[in-house]
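Undergrad: Take this structure, written in structure tokens, and hold onto it; I'll ask about it next.
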Amino acid sequence: DSTDVVILGAGPAGLVLANLLLDAGVGCVVLERADREHVQTRARAGFLAANTVRVLERHGLADGLRRGGREHSVCEFRTGDGRFRLDYSGLGRGEPHTVYPQQELVTDLLTRFLAAGGDLRFATEAVAVHDPDTTQPWVETRDADGRPGRWTGRYVAGCDGRHGAARRSLPPGAVRIHRRDHGVSWLGLLAEAPPSLDAVGYAMHERGFAGHMARTPETTRYYLQCEPGTSPASWSEERIWDELTVRMRAADYGALHHGRIVQSTVVDLESDVLEPLRHGSLFLAGDAAGLISPSAAKGANLAVLAAEILAEALVDDLRNADPGPLSRYSARCLAHIWRAQEFSLWMIRLLHRAPGQDDEALFQEQLRRARVESLRTSRTHQDWFADNYVGI
Ligand code: FAD
């Protein structure tokens, strides 16, 4: 089979791209390894930046989030010295987040794409992208029963995440990978419990970081810093709630709402950025283009932004015979990606103690305390924080 653009992956990047191409009359197909049920129920991100909402609104993709999304604009930092809150909608550019679970956004996007006649193949795994340095790249596929298939396009958009076929298909040396392991791991938890505070909670404790983020009125995401290499199974529900209670300083600031833990995964805080985000006819977007640690909640937002930039560039090339924007796609996206990486690293350094007790670790710890104090007291620092925290 053949079409203009073969899109790998039905996550936020692939589905925003697919909807925009379909609306512009550019032929495309989305190949997704998982089945529909899995794609629609995979709980991950939840905090959408104001610009992400604007992108979705601009293209008529925001009906669901306008109905179901909730504005969120306060974060609370808790340390051994006390706590303070920042209402970031009154700082910097004055923008709030919209909280809307990623699986609901994905469900909206794929429902709209299918309703508009889009071609989305579930349970179809991309095995490899062939001939990316020609004008007729093709994707080798395999369905759930192992039957092989083939899709040819003018372009292939790799939106299939970090472990997808697009990255695997890049010839050695074609792209540089900047990689950093931040040396910190989080236990990422989803609790069937209402949020315990009306703010994002960042608790800095000598036992490690703990985080609290609202998802829906019935569910809350928590994070617990853990030893790298930890198995989620070694954390019982009882141990999780005990540890959250201590690190969030519930005795001082209010009890946590307990509930069943329905998801528990270890997330290693890592970054990697590919450069450039193009090899011939193969383009990378979203997590396939670069992975960002969840410390600043940027991944899904970067994915949506890249999808819009790529969609507009592909339309210019395929409909208007203007290849200019496509040639600038990589540089444009990388500028946003590096800005987000910089802030995410700043957040990592704010939220975690340097490991060890040596002179360097103690020095770093004092700097971290000074950083927190500056954020607590300096309006200029708070404006900078708000711009970066919600901006993208
Ligand atoms: P994905 O959403 O990963 O979609 C890729 C799709 O490709 C998947 O559907 C996958 O099944 C499919 N696929 C993979 N391989 C193949 C193949 N070979 N063939 C066909 N299909 C394939 N980001 C935020 O902005 N805010 C947050 O609060 C936040 N919290 C997070 C919490 C957790 C626990 C995690 C894990 C991530 C979080 N993120 C957050 C990051 C965010 O979820 C990702 O950055 C986002 O999903 C990236 O979108 P994507 O479309 O690039 O990739």
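Chain labels follow the order of the structure tokens: the first chain is A, the next B, and so on; residue numbering restarts at 1 in every chain, and ligands are counted from 1 in their shown order.
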Name each residue within 6 Å of ligand 1, counting only C-alpha atoms and all ligand atoms, as a tab-separated table (two decimals) with C-alpha atoms, in the first residue's frame.
TA:
```tsv
chain	number	residue	atom	x	y	z
A	8	LEU	CA	4.49	5.35	13.00
A	9	GLY	CA	2.76	5.43	16.40
A	10	ALA	CA	-0.63	6.64	17.66
A	11	GLY	CA	0.55	8.69	20.65
A	12	PRO	CA	0.06	12.46	20.99
A	13	ALA	CA	2.69	13.21	18.31
A	14	GLY	CA	1.41	10.76	15.69
A	31	LEU	CA	0.54	2.33	12.01
A	32	GLU	CA	0.19	1.48	15.71
A	33	ARG	CA	1.68	-1.59	17.36
A	34	ALA	CA	-0.81	-1.80	20.25
A	39	VAL	CA	-3.76	2.99	23.42
A	44	ARG	CA	0.95	8.84	31.43
A	45	ALA	CA	1.08	12.64	31.23
A	46	GLY	CA	-1.55	15.03	32.46
A	47	PHE	CA	-0.24	18.59	32.56
A	125	GLU	CA	3.94	-3.01	14.27
A	126	ALA	CA	6.50	-1.16	12.21
A	127	VAL	CA	9.47	-3.48	12.03
A	159	CYS	CA	6.31	9.13	16.20
A	160	ASP	CA	6.78	5.71	17.77
A	161	GLY	CA	8.68	6.66	20.90
A	164	GLY	CA	10.33	2.45	18.08
A	165	ALA	CA	11.29	1.38	14.59
A	188	GLY	CA	5.82	6.61	39.31
A	286	GLY	CA	7.86	13.37	20.12
A	287	ASP	CA	9.72	10.85	22.28
A	288	ALA	CA	11.29	9.39	19.13
A	294	PRO	CA	9.40	13.83	33.67
A	297	ALA	CA	6.27	17.45	32.67
A	298	LYS	CA	7.31	18.51	29.17
A	299	GLY	CA	7.28	15.30	27.10
A	300	ALA	CA	3.69	15.30	25.83
A	301	ASN	CA	3.82	19.06	25.29
A	303	ALA	CA	5.28	16.00	21.19
```
Undergrad: Within 9 Å of Gly259 (chain A), counting only C-alpha atoms, which residues qualify if same-chain residues fewer than 5 places away don't, as a VMD selection string?
TA: chain A and resid 191 to 194 219
Undergrad: Could you pull out the strand (DSSP E) residues of region 259-375 of chain A, going by DSSP on the backbone, and write them as a PyMOL selection string?
TA: chain A and resi 260-275+278-279+282-284+290-291
Undergrad: Would you save the residues from that selection as a compact mmCIF listing (two decimals), in the first residue's frame, using N, CA and C atoms?
TA:
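File produced: selection_24.txt:
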```txt
# COMPACT_ATOMS: atom_id res chain seq x y z
N ARG A 260 -6.22 2.77 46.38
CA ARG A 260 -5.49 1.66 45.74
C ARG A 260 -4.44 2.21 44.78
N ILE A 261 -3.26 1.61 44.76
CA ILE A 261 -2.23 1.99 43.79
C ILE A 261 -2.47 1.15 42.53
N VAL A 262 -2.84 1.81 41.43
CA VAL A 262 -3.20 1.04 40.23
C VAL A 262 -2.08 1.02 39.19
N GLN A 263 -1.04 1.80 39.41
CA GLN A 263 0.10 1.75 38.48
C GLN A 263 1.36 2.06 39.28
N SER A 264 2.38 1.27 39.08
CA SER A 264 3.64 1.50 39.79
C SER A 264 4.78 1.11 38.86
N THR A 265 5.51 2.12 38.40
CA THR A 265 6.62 1.84 37.48
C THR A 265 7.83 2.65 37.92
N VAL A 266 9.01 2.13 37.63
CA VAL A 266 10.22 2.89 37.94
C VAL A 266 10.61 3.69 36.71
N VAL A 267 10.76 4.98 36.89
CA VAL A 267 11.16 5.87 35.80
C VAL A 267 12.58 6.36 36.11
N ASP A 268 13.52 6.00 35.26
CA ASP A 268 14.88 6.54 35.41
C ASP A 268 14.92 7.91 34.75
N LEU A 269 15.39 8.89 35.47
CA LEU A 269 15.40 10.25 34.90
C LEU A 269 16.57 10.36 33.92
N GLU A 270 16.21 10.39 32.66
CA GLU A 270 17.21 10.40 31.59
C GLU A 270 16.80 11.43 30.55
N SER A 271 17.78 11.90 29.81
CA SER A 271 17.49 12.76 28.65
C SER A 271 18.24 12.18 27.47
N ASP A 272 17.62 12.24 26.32
CA ASP A 272 18.41 12.07 25.11
C ASP A 272 17.79 12.89 24.01
N VAL A 273 18.63 13.43 23.17
CA VAL A 273 18.16 14.29 22.08
C VAL A 273 18.89 13.87 20.81
N LEU A 274 18.12 13.63 19.77
CA LEU A 274 18.74 13.27 18.50
C LEU A 274 18.95 14.52 17.66
N GLU A 275 19.99 14.51 16.88
CA GLU A 275 20.29 15.69 16.07
C GLU A 275 20.99 15.27 14.78
N ARG A 278 16.01 14.48 11.35
CA ARG A 278 15.64 14.05 10.00
C ARG A 278 16.78 13.26 9.40
N HIS A 279 16.43 12.18 8.74
CA HIS A 279 17.42 11.53 7.88
C HIS A 279 16.72 11.26 6.56
N LEU A 282 12.91 10.44 6.35
CA LEU A 282 12.40 10.01 7.67
C LEU A 282 12.55 11.15 8.67
N PHE A 283 11.42 11.51 9.30
CA PHE A 283 11.41 12.58 10.31
C PHE A 283 11.07 11.99 11.67
N LEU A 284 11.61 12.60 12.71
CA LEU A 284 11.33 12.12 14.07
C LEU A 284 10.58 13.20 14.84
N GLY A 290 13.38 12.82 21.02
CA GLY A 290 14.15 13.12 22.23
C GLY A 290 13.33 12.75 23.44
N LEU A 291 14.02 12.22 24.42
CA LEU A 291 13.35 11.84 25.65
C LEU A 291 13.72 12.87 26.70
```
Undergrad: Mind checking which residues fall within 12 Å of Arg339 (chain A), counting only C-alpha atoms, ignoring those fewer than 5 positions away in the same chain, and posting them as an MDAnalysis selection string?
TA: chainID A and resid 273 292 296 298 302 332:334 344:346 387:389 391:392
Undergrad: Write a file of the just-selected residues containing C-alpha atoms, as a PDB file, in the first residue's frame.
TA:
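Just written: selection25.pdb:
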```pdb
ATOM      1  CA  VAL A 273      18.162  14.292  22.082  1.00  0.00           C
ATOM      2  CA  ILE A 292      13.030  14.275  28.521  1.00  0.00           C
ATOM      3  CA  ALA A 296       9.167  19.258  34.421  1.00  0.00           C
ATOM      4  CA  LYS A 298       7.313  18.507  29.174  1.00  0.00           C
ATOM      5  CA  LEU A 302       6.936  18.828  23.138  1.00  0.00           C
ATOM      6  CA  ARG A 332      13.063  24.701  14.938  1.00  0.00           C
ATOM      7  CA  CYS A 333      12.144  21.721  17.087  1.00  0.00           C
ATOM      8  CA  LEU A 334      15.577  21.337  18.613  1.00  0.00           C
ATOM      9  CA  SER A 344      14.067  19.980  33.306  1.00  0.00           C
ATOM     10  CA  LEU A 345      17.698  19.655  34.466  1.00  0.00           C
ATOM     11  CA  TRP A 346      17.217  22.734  36.650  1.00  0.00           C
ATOM     12  CA  ASP A 387       7.731  31.169  32.201  1.00  0.00           C
ATOM     13  CA  ASN A 388       9.666  27.941  31.969  1.00  0.00           C
ATOM     14  CA  TYR A 389       7.330  25.773  34.011  1.00  0.00           C
ATOM     15  CA  GLY A 391       6.034  27.546  28.706  1.00  0.00           C
ATOM     16  CA  ILE A 392       7.127  25.387  25.846  1.00  0.00           C
TER      17      ILE A 392
END
```
Undergrad: Would you list the contacts of region 139-145 of chain A as a ChimeraX atom specification, taking every protein, DNA or RNA residue within 6 Å and counting only C-alpha atoms, but skipping same-chain residues closer than 3 positions in sequence?
TA: /A:123-129,148-151
Undergrad: How would the residues just chosen look if you wrote them out with N, CA and C atoms as a PDB file, in the first residue's frame?
TA:
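Saved as result13.pdb:
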```
ATOM      1  N   ALA A 123      -2.686  -2.706  16.102  1.00  0.00           N
ATOM      2  CA  ALA A 123      -2.028  -4.029  16.104  1.00  0.00           C
ATOM      3  C   ALA A 123      -1.176  -4.238  14.858  1.00  0.00           C
ATOM      4  N   THR A 124      -0.556  -3.160  14.399  1.00  0.00           N
ATOM      5  CA  THR A 124       0.324  -3.225  13.231  1.00  0.00           C
ATOM      6  C   THR A 124       1.666  -2.628  13.631  1.00  0.00           C
ATOM      7  N   GLU A 125       2.631  -3.475  13.804  1.00  0.00           N
ATOM      8  CA  GLU A 125       3.940  -3.007  14.272  1.00  0.00           C
ATOM      9  C   GLU A 125       4.837  -2.652  13.093  1.00  0.00           C
ATOM     10  N   ALA A 126       5.459  -1.485  13.183  1.00  0.00           N
ATOM     11  CA  ALA A 126       6.498  -1.158  12.207  1.00  0.00           C
ATOM     12  C   ALA A 126       7.750  -1.922  12.617  1.00  0.00           C
ATOM     13  N   VAL A 127       8.264  -2.697  11.719  1.00  0.00           N
ATOM     14  CA  VAL A 127       9.468  -3.482  12.028  1.00  0.00           C
ATOM     15  C   VAL A 127      10.708  -2.664  11.677  1.00  0.00           C
ATOM     16  N   ALA A 128      10.669  -2.003  10.516  1.00  0.00           N
ATOM     17  CA  ALA A 128      11.818  -1.196  10.086  1.00  0.00           C
ATOM     18  C   ALA A 128      11.394  -0.222   8.997  1.00  0.00           C
ATOM     19  N   VAL A 129      12.126   0.886   8.928  1.00  0.00           N
ATOM     20  CA  VAL A 129      11.936   1.837   7.825  1.00  0.00           C
ATOM     21  C   VAL A 129      13.081   1.579   6.836  1.00  0.00           C
ATOM     22  N   PRO A 148       3.396 -10.409   7.539  1.00  0.00           N
ATOM     23  CA  PRO A 148       4.168  -9.244   7.101  1.00  0.00           C
ATOM     24  C   PRO A 148       3.351  -8.320   6.201  1.00  0.00           C
ATOM     25  N   GLY A 149       3.723  -7.053   6.151  1.00  0.00           N
ATOM     26  CA  GLY A 149       3.077  -6.092   5.268  1.00  0.00           C
ATOM     27  C   GLY A 149       4.068  -5.010   4.897  1.00  0.00           C
ATOM     28  N   ARG A 150       3.592  -4.045   4.070  1.00  0.00           N
ATOM     29  CA  ARG A 150       4.524  -3.029   3.580  1.00  0.00           C
ATOM     30  C   ARG A 150       3.742  -1.763   3.242  1.00  0.00           C
ATOM     31  N   TRP A 151       4.237  -0.613   3.693  1.00  0.00           N
ATOM     32  CA  TRP A 151       3.643   0.677   3.347  1.00  0.00           C
ATOM     33  C   TRP A 151       4.730   1.563   2.746  1.00  0.00           C
TER      34      TRP A 151
END
```
Undergrad: Name the residues in contact with Arg369 (chain A) at a cut-off of 12 Å, using only C-alpha atoms, excluding same-chain residues fewer than 5 positions from it; report them as a ChimeraX atom specification.
TA: /A:78-81,204-205,349-354,362-364,374-376
Undergrad: Could you please take those selected residues and save C-alpha atoms as a PDB file, in the first residue's frame?
TA:
```
ATOM      1  CA  ARG A  78       7.848  21.582  51.049  1.00  0.00           C
ATOM      2  CA  THR A  79      11.251  21.407  52.717  1.00  0.00           C
ATOM      3  CA  GLY A  80      12.636  20.958  56.215  1.00  0.00           C
ATOM      4  CA  ASP A  81      12.534  24.767  56.507  1.00  0.00           C
ATOM      5  CA  MET A 204      12.195  17.732  49.350  1.00  0.00           C
ATOM      6  CA  HIS A 205      13.126  15.430  52.202  1.00  0.00           C
ATOM      7  CA  ARG A 349      18.822  19.847  40.636  1.00  0.00           C
ATOM      8  CA  LEU A 350      16.178  21.684  42.632  1.00  0.00           C
ATOM      9  CA  LEU A 351      14.338  18.562  43.759  1.00  0.00           C
ATOM     10  CA  HIS A 352      17.106  16.088  44.579  1.00  0.00           C
ATOM     11  CA  ARG A 353      20.101  16.002  46.878  1.00  0.00           C
ATOM     12  CA  ALA A 354      23.391  15.130  45.238  1.00  0.00           C
ATOM     13  CA  LEU A 362      27.635  18.901  50.700  1.00  0.00           C
ATOM     14  CA  PHE A 363      28.586  21.904  48.555  1.00  0.00           C
ATOM     15  CA  GLN A 364      25.868  21.015  46.045  1.00  0.00           C
ATOM     16  CA  SER A 374      15.845  32.350  45.903  1.00  0.00           C
ATOM     17  CA  LEU A 375      12.702  30.828  44.406  1.00  0.00           C
ATOM     18  CA  ARG A 376      10.823  31.473  47.655  1.00  0.00           C
TER      19      ARG A 376
END
```
Undergrad: Name the residues of region 84-283 of chain A that come out as alpha helix (DSSP H) in a backbone DSSP run; write them as number ranges by chain.
TA: A: 102-115, 165-168, 237-247, 250-253
Undergrad: At a cut-off of 12 Å, using only C-alpha atoms, what residues contact Arg83 (chain A)? Leave out same-chain residues fewer than 6 positions from it and give the result as a ChimeraX atom specification.
TA: /A:75-77,201-205,248-250,252-253,372-373,375-376
Undergrad: If you count only C-alpha atoms, which residues fall within 7 Å of region 307-309 of chain A, apart from same-chain ones fewer than 6 positions away, as a ChimeraX atom specification?
TA: /A:13,16-17,285,329
Undergrad: With C-alpha atoms kept, could you save the residues just selected as a compact mmCIF listing (two decimals), in the first residue's frame?
TA:
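Full text of selection20.txt as output:
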```txt
# COMPACT_ATOMS: atom_id res chain seq x y z
CA ALA A 13 2.69 13.21 18.31
CA VAL A 16 -1.91 15.36 16.16
CA LEU A 17 0.15 15.03 12.99
CA ALA A 285 8.83 13.73 16.45
CA TYR A 329 11.93 21.46 10.92
```
Undergrad: Using only C-alpha atoms for the distances, tell me which of A:Arg112, A:Arg379, A:Arg54, A:His258 is nearest to Asn19 (chain A).
TA: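 Comparing A:Arg112, A:Arg379, A:Arg54, A:His258 against Asn19 (chain A), the winner is A:Arg112.
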Undergrad: Using only C-alpha atoms, find the one residue out of A:Val390, A:Ala157, A:Leu197, A:Val315 that sits nearest to Gly280 (chain A).
TA: A:Ala157
Undergrad: In terms of the shortest atom-to-atom distance over only C-alpha atoms, which of A:Glu227, A:Arg168, A:Glu71, A:Arg239 is closest to Ala199 (chain A)?
TA: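 Smallest distance to Ala199 (chain A) is found for A:Glu71.
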Undergrad: Just give me the gap between CA of Ser2 (chain A) and CA of Val156 (chain A) in Å, one decimal is fine.
TA: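 Straight-line distance from CA of Ser2 (chain A) to CA of Val156 (chain A) works out to 11.2 Å.
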